[in-house]
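Coordinates from start-v3.cif are shown below (mmCIF, C-alpha atoms).
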data_protein
loop_
_atom_site.label_atom_id
_atom_site.label_comp_id
_atom_site.auth_asym_id
_atom_site.auth_seq_id
_atom_site.Cartn_x
_atom_site.Cartn_y
_atom_site.Cartn_z
CA MET P 1151 108.85 116.97 116.89
CA THR P 1152 111.30 118.50 119.29
CA SER P 1153 109.63 121.74 120.26
CA ALA P 1154 108.40 122.06 123.82
CA SER P 1155 104.73 121.68 124.62
CA PRO P 1156 102.76 121.62 127.87
CA ALA P 1157 100.98 118.57 126.46
CA ALA P 1158 104.24 116.83 125.65
CA PRO P 1159 104.71 113.42 127.26
CA ARG P 1160 106.01 113.24 130.81
CA MET P 1161 105.41 109.55 131.49
CA ALA P 1162 108.52 107.45 131.93
CA GLN P 1163 109.26 104.60 129.54
CA HIS P 1164 109.56 101.12 131.02
CA ALA P 1165 111.53 98.01 130.34
CA SER P 1166 110.82 95.50 127.61
CA SER P 1167 111.95 91.93 127.13
CA LEU P 1168 112.27 92.37 123.38
CA SER P 1169 115.56 91.02 122.12
CA ALA P 1170 117.62 91.96 119.09
CA ALA P 1171 117.69 89.79 115.99
CA ASP P 1172 120.16 86.93 115.78
CA GLY P 1173 123.29 87.78 113.90
CA GLY P 1174 123.45 91.45 114.87
CA THR P 1175 121.28 94.49 114.38
CA ALA P 1176 121.35 96.94 111.50
CA PRO P 1177 122.12 100.57 112.41
CA ALA P 1178 118.65 101.55 111.23
CA SER P 1179 116.85 99.91 114.13
CA ARG P 1180 118.15 98.64 117.45
CA ALA P 1181 116.34 96.72 120.15
CA ASP P 1182 117.83 98.36 123.20
CA GLY P 1183 116.35 95.88 125.69
CA LYS P 1184 115.17 98.63 128.03
CA GLY P 1185 112.03 99.93 126.35
CA ALA P 1186 113.69 103.36 126.15
CA ALA P 1187 112.10 105.71 123.64
CA THR P 1188 114.14 106.33 120.52
CA GLY P 1189 113.32 107.56 117.05
CA PRO P 1190 112.31 110.87 115.50
CA LEU P 1191 108.92 110.92 117.26
CA HIS P 1192 110.34 110.57 120.77
CA GLY P 1193 108.33 113.08 122.80
CA VAL P 1194 105.02 112.49 121.03
CA ARG P 1195 102.30 110.62 122.94
CA ILE P 1196 99.18 109.16 121.32
CA LEU P 1197 96.11 107.74 123.02
CA ASP P 1198 94.99 104.98 120.67
CA LEU P 1199 91.33 104.01 120.98
CA SER P 1200 91.32 102.12 117.69
CA ALA P 1201 91.06 98.42 116.90
CA VAL P 1202 91.26 95.95 114.00
CA VAL P 1203 93.69 97.15 111.25
CA MET P 1204 93.46 100.73 109.95
CA GLY P 1205 93.87 102.64 113.22
CA PRO P 1206 96.34 100.19 114.79
CA TYR P 1207 98.44 100.25 111.61
CA ALA P 1208 98.58 104.05 111.72
CA THR P 1209 99.71 104.02 115.34
CA GLN P 1210 102.12 101.12 114.74
CA VAL P 1211 103.92 103.26 112.16
CA LEU P 1212 104.07 106.14 114.64
CA ALA P 1213 105.13 103.87 117.51
CA ASP P 1214 107.94 102.43 115.39
CA LEU P 1215 109.13 106.01 114.86
CA GLY P 1216 109.37 106.52 118.61
CA ALA P 1217 105.96 107.80 119.68
CA ASP P 1218 104.62 106.57 123.03
CA VAL P 1219 101.37 104.88 122.00
CA ILE P 1220 98.93 103.96 124.76
CA LYS P 1221 96.53 101.37 123.40
CA VAL P 1222 93.14 101.55 125.14
CA GLU P 1223 91.27 98.25 124.91
CA SER P 1224 87.91 97.05 126.10
CA PRO P 1225 87.83 94.10 128.51
CA ALA P 1226 87.22 91.89 125.45
CA GLY P 1227 90.30 93.28 123.71
CA ASP P 1228 91.03 94.23 120.11
CA ASN P 1229 89.18 91.95 117.67
CA MET P 1230 92.45 91.11 115.91
CA ARG P 1231 93.63 89.31 119.04
CA ALA P 1232 91.26 86.49 118.03
CA VAL P 1233 92.53 86.06 114.44
CA GLY P 1234 94.86 83.05 114.21
CA PRO P 1235 97.26 81.45 113.95
CA MET P 1236 98.33 81.97 117.55
CA ARG P 1237 100.16 80.13 120.32
CA ASN P 1238 98.04 81.52 123.14
CA PRO P 1239 94.49 82.93 123.21
CA GLY P 1240 94.26 86.62 122.46
CA MET P 1241 97.64 86.86 120.73
CA GLY P 1242 96.88 86.33 117.05
CA HIS P 1243 99.54 86.87 114.40
CA LEU P 1244 98.10 90.10 112.95
CA TYR P 1245 97.65 91.58 116.40
CA LEU P 1246 101.31 90.85 117.20
CA HIS P 1247 102.51 92.78 114.14
CA LEU P 1248 100.10 95.70 114.38
CA ASN P 1249 100.63 96.46 118.06
CA ARG P 1250 104.33 96.20 118.79
CA ASN P 1251 105.98 99.19 120.46
CA LYS P 1252 102.70 100.00 122.26
CA ARG P 1253 101.41 99.74 125.83
CA SER P 1254 97.98 98.29 126.61
CA VAL P 1255 95.55 99.61 129.20
CA VAL P 1256 92.08 98.12 129.63
CA LEU P 1257 89.28 100.64 130.14
CA ASP P 1258 85.62 99.69 129.98
CA LEU P 1259 84.54 103.02 128.54
CA LYS P 1260 80.89 102.34 129.35
CA GLN P 1261 81.76 102.84 133.02
CA PRO P 1262 82.14 106.42 134.31
CA ALA P 1263 85.38 105.66 136.12
CA ALA P 1264 86.99 104.32 132.95
CA ARG P 1265 85.70 107.23 130.88
CA GLU P 1266 87.23 109.63 133.41
CA ALA P 1267 90.52 107.72 133.26
CA CYS P 1268 90.54 107.99 129.46
CA LEU P 1269 90.10 111.77 129.63
CA LYS P 1270 92.75 112.03 132.33
CA LEU P 1271 95.24 110.10 130.22
CA ALA P 1272 94.56 112.50 127.32
CA GLU P 1273 95.73 115.44 129.42
CA ASN P 1274 99.32 114.38 128.71
CA CYS P 1275 98.82 113.29 125.10
CA ASP P 1276 99.34 115.05 121.80
CA ALA P 1277 96.60 113.16 119.99
CA VAL P 1278 93.69 110.77 120.35
CA LEU P 1279 92.99 108.34 117.52
CA TYR P 1280 89.67 106.50 117.33
CA ASN P 1281 87.94 104.42 114.66
CA ILE P 1282 84.43 103.83 115.94
CA ARG P 1283 81.62 105.99 114.61
CA PRO P 1284 81.61 109.58 115.88
CA GLN P 1285 78.06 109.11 117.10
CA ALA P 1286 79.23 106.28 119.37
CA MET P 1287 82.06 108.44 120.72
CA GLN P 1288 79.53 111.14 121.52
CA ARG P 1289 77.28 108.69 123.36
CA LEU P 1290 80.28 107.65 125.44
CA GLY P 1291 80.95 111.26 126.35
CA LEU P 1292 84.26 111.11 124.47
CA ASP P 1293 83.69 113.59 121.66
CA TYR P 1294 86.17 116.31 120.72
CA ALA P 1295 84.67 118.83 123.15
CA ALA P 1296 85.21 116.47 126.08
CA PHE P 1297 88.88 115.94 125.26
CA ALA P 1298 89.54 119.59 124.35
CA ALA P 1299 88.11 120.70 127.71
CA ARG P 1300 90.89 118.68 129.39
CA ASN P 1301 93.65 119.42 126.86
CA PRO P 1302 93.16 122.31 124.42
CA ARG P 1303 96.16 121.14 122.40
CA ILE P 1304 94.72 117.70 121.70
CA VAL P 1305 94.46 116.47 118.12
CA TYR P 1306 91.29 114.39 117.86
CA ALA P 1307 91.70 112.09 114.85
CA GLY P 1308 88.82 110.02 113.48
CA ALA P 1309 89.67 107.06 111.22
CA TYR P 1310 86.35 105.64 110.07
CA GLY P 1311 84.44 104.74 106.92
CA PHE P 1312 82.85 107.87 105.49
CA SER P 1313 83.08 111.60 106.05
CA GLU P 1314 80.61 113.09 108.47
CA ALA P 1315 79.92 115.78 105.86
CA GLY P 1316 78.20 113.37 103.44
CA PRO P 1317 75.09 111.18 103.26
CA TYR P 1318 77.08 107.99 104.02
CA ALA P 1319 78.09 109.28 107.46
CA GLY P 1320 77.82 106.56 110.10
CA ARG P 1321 77.74 103.65 107.68
CA PRO P 1322 79.84 100.64 108.66
CA ALA P 1323 82.98 100.17 106.57
CA TYR P 1324 85.34 97.25 106.13
CA ASP P 1325 88.29 96.76 103.81
CA ASP P 1326 86.42 94.51 101.36
CA LEU P 1327 83.49 96.92 101.12
CA ILE P 1328 85.74 99.91 100.53
CA GLN P 1329 87.74 98.06 97.87
CA GLY P 1330 84.47 97.31 96.13
CA GLN P 1331 83.03 100.79 96.52
CA THR P 1332 86.13 102.57 95.25
CA GLY P 1333 86.35 100.52 92.05
CA ILE P 1334 89.32 98.34 92.95
CA ALA P 1335 87.49 95.03 92.58
CA ASP P 1336 86.01 96.19 89.27
CA LEU P 1337 89.44 97.26 87.99
CA SER P 1338 90.58 93.68 88.62
CA ARG P 1339 87.65 92.50 86.48
CA ARG P 1340 88.44 95.00 83.72
CA GLN P 1341 92.03 93.85 83.56
CA SER P 1342 91.47 90.09 83.75
CA GLY P 1343 88.13 89.81 81.97
CA GLY P 1344 87.01 87.51 84.75
CA GLU P 1345 85.26 87.95 88.06
CA PRO P 1346 85.78 91.10 90.16
CA ARG P 1347 88.22 90.38 92.96
CA TYR P 1348 89.53 92.14 96.06
CA ALA P 1349 93.27 92.64 96.43
CA PRO P 1350 94.56 89.82 98.69
CA LEU P 1351 95.72 92.14 101.46
CA THR P 1352 94.07 94.71 103.70
CA LEU P 1353 94.80 97.35 101.10
CA ALA P 1354 92.31 100.02 102.15
CA ASP P 1355 93.05 99.63 105.86
CA ARG P 1356 96.79 100.00 105.36
CA ALA P 1357 96.78 102.68 102.66
CA VAL P 1358 94.34 104.88 104.58
CA GLY P 1359 96.15 104.04 107.82
CA LEU P 1360 99.26 105.65 106.36
CA GLN P 1361 97.20 108.68 105.34
CA MET P 1362 95.91 108.90 108.90
CA ALA P 1363 99.44 108.74 110.34
CA ILE P 1364 100.41 111.71 108.15
CA ALA P 1365 97.26 113.65 109.04
CA LEU P 1366 97.71 113.07 112.76
CA LEU P 1367 101.31 114.30 112.63
CA ALA P 1368 100.21 117.35 110.63
CA GLY P 1369 97.70 118.11 113.37
CA VAL P 1370 100.34 117.73 116.08
CA LEU P 1371 102.76 120.04 114.23
CA HIS P 1372 100.03 122.67 113.94
CA ALA P 1373 99.09 122.34 117.60
CA ARG P 1374 102.68 122.74 118.74
CA ALA P 1375 103.19 125.75 116.49
CA HIS P 1376 99.91 127.52 117.31
CA GLY P 1377 98.96 126.31 120.79
CA HIS P 1378 95.61 124.70 120.03
CA GLY P 1379 94.43 121.37 118.68
CA GLN P 1380 91.58 120.39 116.41
CA SER P 1381 89.43 117.50 115.30
CA LEU P 1382 90.17 115.85 111.96
CA GLU P 1383 88.92 112.90 109.96
CA ILE P 1384 90.50 110.66 107.34
CA PRO P 1385 87.70 108.40 106.06
CA MET P 1386 88.42 105.11 104.30
CA PHE P 1387 86.08 105.77 101.38
CA GLU P 1388 87.53 109.13 100.48
CA GLY P 1389 91.08 107.93 101.19
CA MET P 1390 90.88 105.04 98.73
CA ALA P 1391 88.88 107.07 96.21
CA HIS P 1392 91.76 109.56 96.28
CA MET P 1393 94.19 106.79 95.31
CA THR P 1394 91.99 105.05 92.75
CA LEU P 1395 90.97 108.20 90.89
CA GLY P 1396 94.55 109.45 90.93
CA ASP P 1397 95.46 106.57 88.61
CA HIS P 1398 92.21 105.93 86.79
CA LEU P 1399 90.37 109.19 86.05
CA GLY P 1400 91.86 108.81 82.59
CA GLY P 1401 89.82 110.60 79.94
CA TRP P 1402 87.40 111.75 82.62
CA THR P 1403 90.14 114.05 83.87
CA PHE P 1404 88.76 116.44 81.28
CA ASP P 1405 85.27 117.91 81.31
CA PRO P 1406 83.65 116.98 79.01
CA PRO P 1407 85.42 113.58 78.99
CA MET P 1408 88.11 112.84 76.40
CA GLY P 1409 87.75 109.08 76.41
CA GLU P 1410 87.19 106.36 78.99
CA THR P 1411 88.23 106.15 82.60
CA GLY P 1412 91.24 104.00 83.44
CA TYR P 1413 95.01 103.98 82.99
CA ALA P 1414 95.46 101.71 79.98
CA ARG P 1415 98.85 100.28 80.95
CA LEU P 1416 97.64 99.21 84.38
CA LEU P 1417 94.54 97.62 82.86
CA ALA P 1418 96.27 95.74 80.03
CA PRO P 1419 95.36 92.02 80.26
CA HIS P 1420 99.00 90.96 79.92
CA ARG P 1421 100.21 93.28 82.68
CA LYS P 1422 101.04 90.39 84.97
CA PRO P 1423 104.01 88.10 85.59
CA TYR P 1424 104.99 86.58 82.24
CA ALA P 1425 105.02 82.82 81.77
CA THR P 1426 108.42 81.38 80.80
CA LYS P 1427 109.20 77.83 79.69
CA ASP P 1428 109.62 76.75 83.30
CA GLY P 1429 107.84 79.32 85.50
CA HIS P 1430 107.20 83.07 85.59
CA ILE P 1431 109.18 86.28 85.55
CA CYS P 1432 108.34 89.86 86.53
CA LEU P 1433 109.39 92.24 83.79
CA LEU P 1434 108.89 95.87 82.82
CA VAL P 1435 110.29 96.87 79.44
CA TYR P 1436 109.32 100.51 79.81
CA ASN P 1437 111.30 103.31 78.18
CA ASP P 1438 112.76 103.67 74.69
CA LYS P 1439 116.22 102.46 75.78
CA HIS P 1440 114.73 99.33 77.40
CA TRP P 1441 112.90 98.44 74.21
CA ARG P 1442 115.92 99.01 71.96
CA ASN P 1443 118.03 96.82 74.25
CA PHE P 1444 115.30 94.18 74.35
CA PHE P 1445 114.97 93.95 70.55
CA ASP P 1446 118.75 93.60 70.19
CA ALA P 1447 118.95 90.99 72.96
CA VAL P 1448 116.28 88.76 71.41
CA GLY P 1449 117.57 89.17 67.86
CA ARG P 1450 114.64 91.23 66.60
CA PRO P 1451 116.23 94.59 65.66
CA GLU P 1452 113.60 95.16 62.94
CA MET P 1453 110.98 95.68 65.66
CA LYS P 1454 112.59 99.05 66.42
CA GLN P 1455 110.81 100.33 63.32
CA ASP P 1456 107.40 98.88 64.18
CA PRO P 1457 105.08 101.90 64.57
CA ARG P 1458 103.47 100.33 67.66
CA PHE P 1459 106.82 100.26 69.48
CA VAL P 1460 108.77 103.25 68.21
CA THR P 1461 107.85 105.78 70.93
CA HIS P 1462 106.45 105.80 74.45
CA GLY P 1463 103.25 107.41 73.17
CA ALA P 1464 102.83 104.78 70.46
CA ARG P 1465 103.32 101.95 72.94
CA ALA P 1466 100.79 103.53 75.31
CA ALA P 1467 98.24 103.75 72.49
CA HIS P 1468 98.72 100.04 71.65
CA ILE P 1469 99.58 98.77 75.11
CA SER P 1470 97.49 95.60 74.99
CA GLU P 1471 99.09 94.56 71.67
CA VAL P 1472 102.55 95.44 72.97
CA TYR P 1473 102.18 93.37 76.14
CA ALA P 1474 100.59 90.45 74.25
CA TRP P 1475 103.54 90.37 71.81
CA LEU P 1476 105.98 90.51 74.70
CA ALA P 1477 104.21 87.63 76.47
CA GLY P 1478 104.61 85.50 73.34
CA VAL P 1479 108.36 86.12 73.28
CA ILE P 1480 108.95 85.50 76.98
CA GLU P 1481 107.33 82.06 76.96
CA GLN P 1482 110.03 80.81 74.57
CA ARG P 1483 112.90 80.66 77.10
CA ASP P 1484 113.37 79.56 80.70
CA THR P 1485 113.47 81.90 83.67
CA GLU P 1486 117.22 81.76 84.41
CA GLU P 1487 118.11 82.48 80.78
CA TRP P 1488 115.85 85.54 80.78
CA LEU P 1489 117.25 86.82 84.06
CA ARG P 1490 120.82 86.62 82.73
CA LEU P 1491 119.85 88.30 79.48
CA PHE P 1492 117.95 91.13 81.16
CA ALA P 1493 120.79 91.78 83.60
CA GLU P 1494 123.22 92.14 80.70
CA ALA P 1495 120.80 94.37 78.75
CA ASP P 1496 119.97 96.58 81.78
CA ILE P 1497 116.24 95.78 81.58
CA PRO P 1498 114.23 95.73 84.86
CA ALA P 1499 113.29 92.14 85.74
CA SER P 1500 112.98 89.95 88.81
CA ARG P 1501 111.86 86.54 89.93
CA LEU P 1502 108.26 85.91 90.91
CA TYR P 1503 108.32 85.50 94.68
CA THR P 1504 106.14 83.58 97.06
CA ILE P 1505 105.75 84.99 100.58
CA GLU P 1506 108.26 82.36 101.71
CA ASP P 1507 110.72 83.60 99.08
CA LEU P 1508 110.24 87.16 100.30
CA ILE P 1509 111.09 86.19 103.88
CA GLU P 1510 114.33 84.56 102.67
CA ASP P 1511 115.32 87.32 100.22
CA PRO P 1512 119.08 88.03 100.49
CA HIS P 1513 118.66 91.80 100.31
CA LEU P 1514 116.15 91.81 103.17
CA LYS P 1515 118.51 89.60 105.15
CA ALA P 1516 121.41 91.98 104.53
CA VAL P 1517 119.44 94.99 105.83
CA ASP P 1518 118.08 92.95 108.76
CA PHE P 1519 114.49 93.55 107.68
CA VAL P 1520 112.89 90.36 109.00
CA ARG P 1521 113.72 90.23 112.70
CA HIS P 1522 113.58 87.40 115.20
CA ILE P 1523 112.39 88.56 118.60
CA ASP P 1524 111.57 86.88 121.89
CA HIS P 1525 108.11 87.56 123.28
CA PRO P 1526 107.66 86.82 127.00
CA THR P 1527 104.57 84.66 126.43
CA GLU P 1528 104.54 83.92 122.70
CA GLY P 1529 108.13 82.76 122.36
CA ARG P 1530 110.30 83.20 119.29
CA LEU P 1531 108.63 85.35 116.64
CA ARG P 1532 109.38 86.88 113.26
CA THR P 1533 108.46 90.49 112.61
CA THR P 1534 109.53 93.26 110.25
CA ALA P 1535 111.93 96.05 111.14
CA PRO P 1536 110.68 99.63 111.47
CA LEU P 1537 110.68 101.16 108.02
CA GLY P 1538 113.43 103.54 106.97
CA ARG P 1539 116.74 104.66 108.43
CA TYR P 1540 117.26 107.74 110.59
CA ALA P 1541 120.93 108.56 111.11
CA GLY P 1542 120.41 110.87 114.06
CA THR P 1543 117.34 109.32 115.68
CA PRO P 1544 117.44 105.56 115.09
CA THR P 1545 114.20 103.64 115.44
CA SER P 1546 113.85 100.47 117.48
CA LEU P 1547 111.78 97.42 118.30
CA ARG P 1548 111.66 98.41 121.95
CA ARG P 1549 108.42 96.72 123.07
CA HIS P 1550 106.68 93.46 122.29
CA ALA P 1551 102.97 93.54 121.39
CA PRO P 1552 101.33 93.72 124.82
CA ARG P 1553 99.06 91.20 126.44
CA LEU P 1554 95.58 92.57 127.15
CA GLY P 1555 95.96 95.19 129.85
CA GLU P 1556 99.62 94.35 130.39
CA GLN P 1557 100.45 97.95 131.36
CA SER P 1558 97.07 98.94 132.86
CA LEU P 1559 98.40 99.54 136.35
CA GLU P 1560 101.59 101.16 135.12
CA ILE P 1561 99.72 103.66 132.94
CA LEU P 1562 97.11 104.51 135.56
CA ARG P 1563 99.82 105.11 138.17
CA GLU P 1564 101.66 107.40 135.77
CA ALA P 1565 98.43 109.36 135.38
CA GLY P 1566 98.32 109.94 139.14
CA TYR P 1567 95.93 107.20 140.28
CA SER P 1568 96.50 105.83 143.76
CA ASP P 1569 96.64 102.11 144.45
CA ALA P 1570 93.27 102.36 146.20
CA ALA P 1571 91.68 104.09 143.19
CA ILE P 1572 93.12 101.49 140.85
CA GLN P 1573 91.85 98.68 143.07
CA ALA P 1574 88.36 100.20 142.97
CA MET P 1575 88.50 100.12 139.15
CA LEU P 1576 89.74 96.54 139.22
CA ASP P 1577 86.90 95.55 141.53
CA THR P 1578 84.29 96.84 139.07
CA GLN P 1579 86.28 95.62 136.03
CA ALA P 1580 86.54 99.17 134.75
CA THR P 1581 90.13 98.05 134.14
CA LEU P 1582 91.96 94.74 134.11
CA ASP P 1583 95.48 93.84 135.17
CA GLY P 1584 97.00 91.94 132.27
CA LYS P 1585 99.95 90.83 134.37
CA ALA P 1586 97.74 89.17 136.96
CA GLY P 1587 96.95 86.26 134.65
#

Take the structure in the file and give it back as structure tokens.
Amino acid sequence: MTSASPAAPRMAQHASSLSAADGGTAPASRADGKGAATGPLHGVRILDLSAVVMGPYATQVLADLGADVIKVESPAGDNMRAVGPMRNPGMGHLYLHLNRNKRSVVLDLKQPAAREACLKLAENCDAVLYNIRPQAMQRLGLDYAAFAARNPRIVYAGAYGFSEAGPYAGRPAYDDLIQGQTGIADLSRRQSGGEPRYAPLTLADRAVGLQMAIALLAGVLHARAHGHGQSLEIPMFEGMAHMTLGDHLGGWTFDPPMGETGYARLLAPHRKPYATKDGHICLLVYNDKHWRNFFDAVGRPEMKQDPRFVTHGARAAHISEVYAWLAGVIEQRDTEEWLRLFAEADIPASRLYTIEDLIEDPHLKAVDFVRHIDHPTEGRLRTTAPLGRYAGTPTSLRRHAPRLGEQSLEILREAGYSDAAIQAMLDTQATLDGKAG
């Protein structure tokens, strides 16, 4: 993202009070204390009109990589500001993680002055990301044509529930609904034999958010190479269907079908942490070498000749029996004994972690993955480091998650607004000054 572009960012970066982690900072990610842009996406600017999880997660990934992300919020703020726990109103824990490295400007887009400000800001942006329904964007006068008229290079990225090309266009979409509609909850039922369940994380929001981050960057690369932008959409339904069917088309890969849908190993009832005498262990005895080593380690060399175990294909054909047999063996010894044995036999195994265990993991501590930062209003916080290491363009935690409208005045001034024009917007609450409170 280093090629020149008339739409490339020209706004200056500003200072941040974000501090480095205690005990030093890994080379992969430094908090420079000045808010200075670093990372491989330095020079990319994104106008983020999204809220909740999917869109903000996409732009958080891009912001961590160095993009200047301007978060446009309504006077009420992003809904995730209200999701606790929190120390102060409007600064919920999920909001703090999803919106670091961004700047917040309040624009009441129902007011003409705020709509005009939004379009003006886009003149110096590479992309606009939104996640409300396209019909609502059109009613606001913020459709692709409106942005392209001000900046022909703009990438107009829609992250919403369903493609506009299909009959579900405009339907509301939330993570739970998409997990249900793309078969994930039913796959849980098929594996466990119990009730259908959603994955206990915002799986669709985050998976499709990553897809959106890739799509947006692809659009920016094309615009910089060819001189014109485009509109694009990455819908949640199609995004998760892409992932689910990639694993579970199974016999329906072939037309006519050659068997049932589903990937048998993933659906095996005993594909779960194995119970030991004193807890649980995570274990994957997978290839032929693993199984030979396992049979020798547990004193069952005769099992090498069992036709269910002799090859990868045979194990796949009898996967439920294989995993059930394995579960019966594992429950005979305690966790520490198994971990020692598997380490000696070069068999992949690990402890079963709680979230608290994950935070304290020695590897994550060594790579400085869980950071302690100081937020100017929220105090001492934990957050995760930007993902990955870039030797030439290190990433950074350069900005704390902003208070509502914290940079409103700063951003509007950068866009060329006079103090009098900004005051007029403040008077009508077309914008809010987050620093005033």

Open item on the list: Give me, as a ChimeraX atom specification, all polymer residues having an atom no more than 12 Å from P:Gln1210, counting all atoms listed in the file and skipping those fewer than 5 positions away in the same chain.
Closed with: /P:1196,1198,1200-1201,1203-1205,1215-1221,1244-1253,1279,1356,1359-1360,1362-1363,1534-1537,1547,1549-1551

Task: Atomic separation - atom CA of P:Ala1264 relative to atom CA of P:Gln1573, Å - done: 12.6 Å

Task: Residues matched by the PyMOL selection byres ((chain P and resi 1444-1459) around 9), written as a list of chain:residue names - done: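 Taken on the displayed file, the PyMOL selection byres ((chain P and resi 1444-1459) around 9) yields the residues P:Val1435, P:Asp1438, P:Lys1439, P:His1440, P:Trp1441, P:Arg1442, P:Asn1443, P:Val1460, P:Thr1461, P:His1462, P:Gly1463, P:Ala1464, P:Arg1465, P:Ala1466, P:Ala1467, P:His1468, P:Ile1469, P:Glu1471, P:Val1472, P:Val1479, P:Leu1491, P:Phe1492, P:Glu1494, P:Ala1495, P:Ile1497.
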
Task: Nearby residues (all atoms listed in the file) at most 12 Å from P:Met1287, same-chain spacing under 6 positions excluded, as a list in words - done: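 The contact residues come out as Leu1199, Ser1200, Leu1259, Lys1260, Arg1265, Val1278, Leu1279, Tyr1280, Asn1281, Asp1293, Tyr1294, Ala1295, Ala1296, Phe1297, Tyr1306, Ala1307, Gly1308, Tyr1310 and Gly1320 of chain P.
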
Can you write just those residues out, C-alpha atoms, as a PDB file, keeping the file's coordinate frame?
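Writing the result to selection37.pdb gives the following:
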ATOM      1  CA  LEU P1199      91.330 104.010 120.980  1.00  0.00           C
ATOM      2  CA  SER P1200      91.320 102.120 117.690  1.00  0.00           C
ATOM      3  CA  LEU P1259      84.540 103.020 128.540  1.00  0.00           C
ATOM      4  CA  LYS P1260      80.890 102.340 129.350  1.00  0.00           C
ATOM      5  CA  ARG P1265      85.700 107.230 130.880  1.00  0.00           C
ATOM      6  CA  VAL P1278      93.690 110.770 120.350  1.00  0.00           C
ATOM      7  CA  LEU P1279      92.990 108.340 117.520  1.00  0.00           C
ATOM      8  CA  TYR P1280      89.670 106.500 117.330  1.00  0.00           C
ATOM      9  CA  ASN P1281      87.940 104.420 114.660  1.00  0.00           C
ATOM     10  CA  ASP P1293      83.690 113.590 121.660  1.00  0.00           C
ATOM     11  CA  TYR P1294      86.170 116.310 120.720  1.00  0.00           C
ATOM     12  CA  ALA P1295      84.670 118.830 123.150  1.00  0.00           C
ATOM     13  CA  ALA P1296      85.210 116.470 126.080  1.00  0.00           C
ATOM     14  CA  PHE P1297      88.880 115.940 125.260  1.00  0.00           C
ATOM     15  CA  TYR P1306      91.290 114.390 117.860  1.00  0.00           C
ATOM     16  CA  ALA P1307      91.700 112.090 114.850  1.00  0.00           C
ATOM     17  CA  GLY P1308      88.820 110.020 113.480  1.00  0.00           C
ATOM     18  CA  TYR P1310      86.350 105.640 110.070  1.00  0.00           C
ATOM     19  CA  GLY P1320      77.820 106.560 110.100  1.00  0.00           C
TER      20      GLY P1320
END

TODO: Name the residues that the PyMOL selection byres ((chain P and resi 1499-1509) around 9) pulls out of this structure, and write them as an MDAnalysis selection string.
DONE: chainID P and resid 1423 1429:1435 1485 1488:1489 1492:1493 1496:1498 1510:1512 1514:1515 1519:1520

TODO: Have a look at P:Gly1401, P:Glu1266, P:Tyr1324, P:His1243 and name the one nearest to P:Arg1532; count all atoms listed in the file.
DONE: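 Smallest distance to P:Arg1532 is found for P:His1243.
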
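If only C-alpha atoms are the atoms counted, then among P:Tyr1473, P:Ala1335, P:Val1255, P:Glu1487 the closest residue to P:Glu1564 is P:Val1255.
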
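For the choices P:Thr1403, P:Leu1395, P:Ile1561, P:Ala1323, the atom-to-atom distance to P:Ala1272 is smallest for P:Ile1561 when using only C-alpha atoms.
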
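For the pair atom CA of P:Tyr1424 and atom CA of P:Ala1474, the interatomic distance is 9.9 Å.
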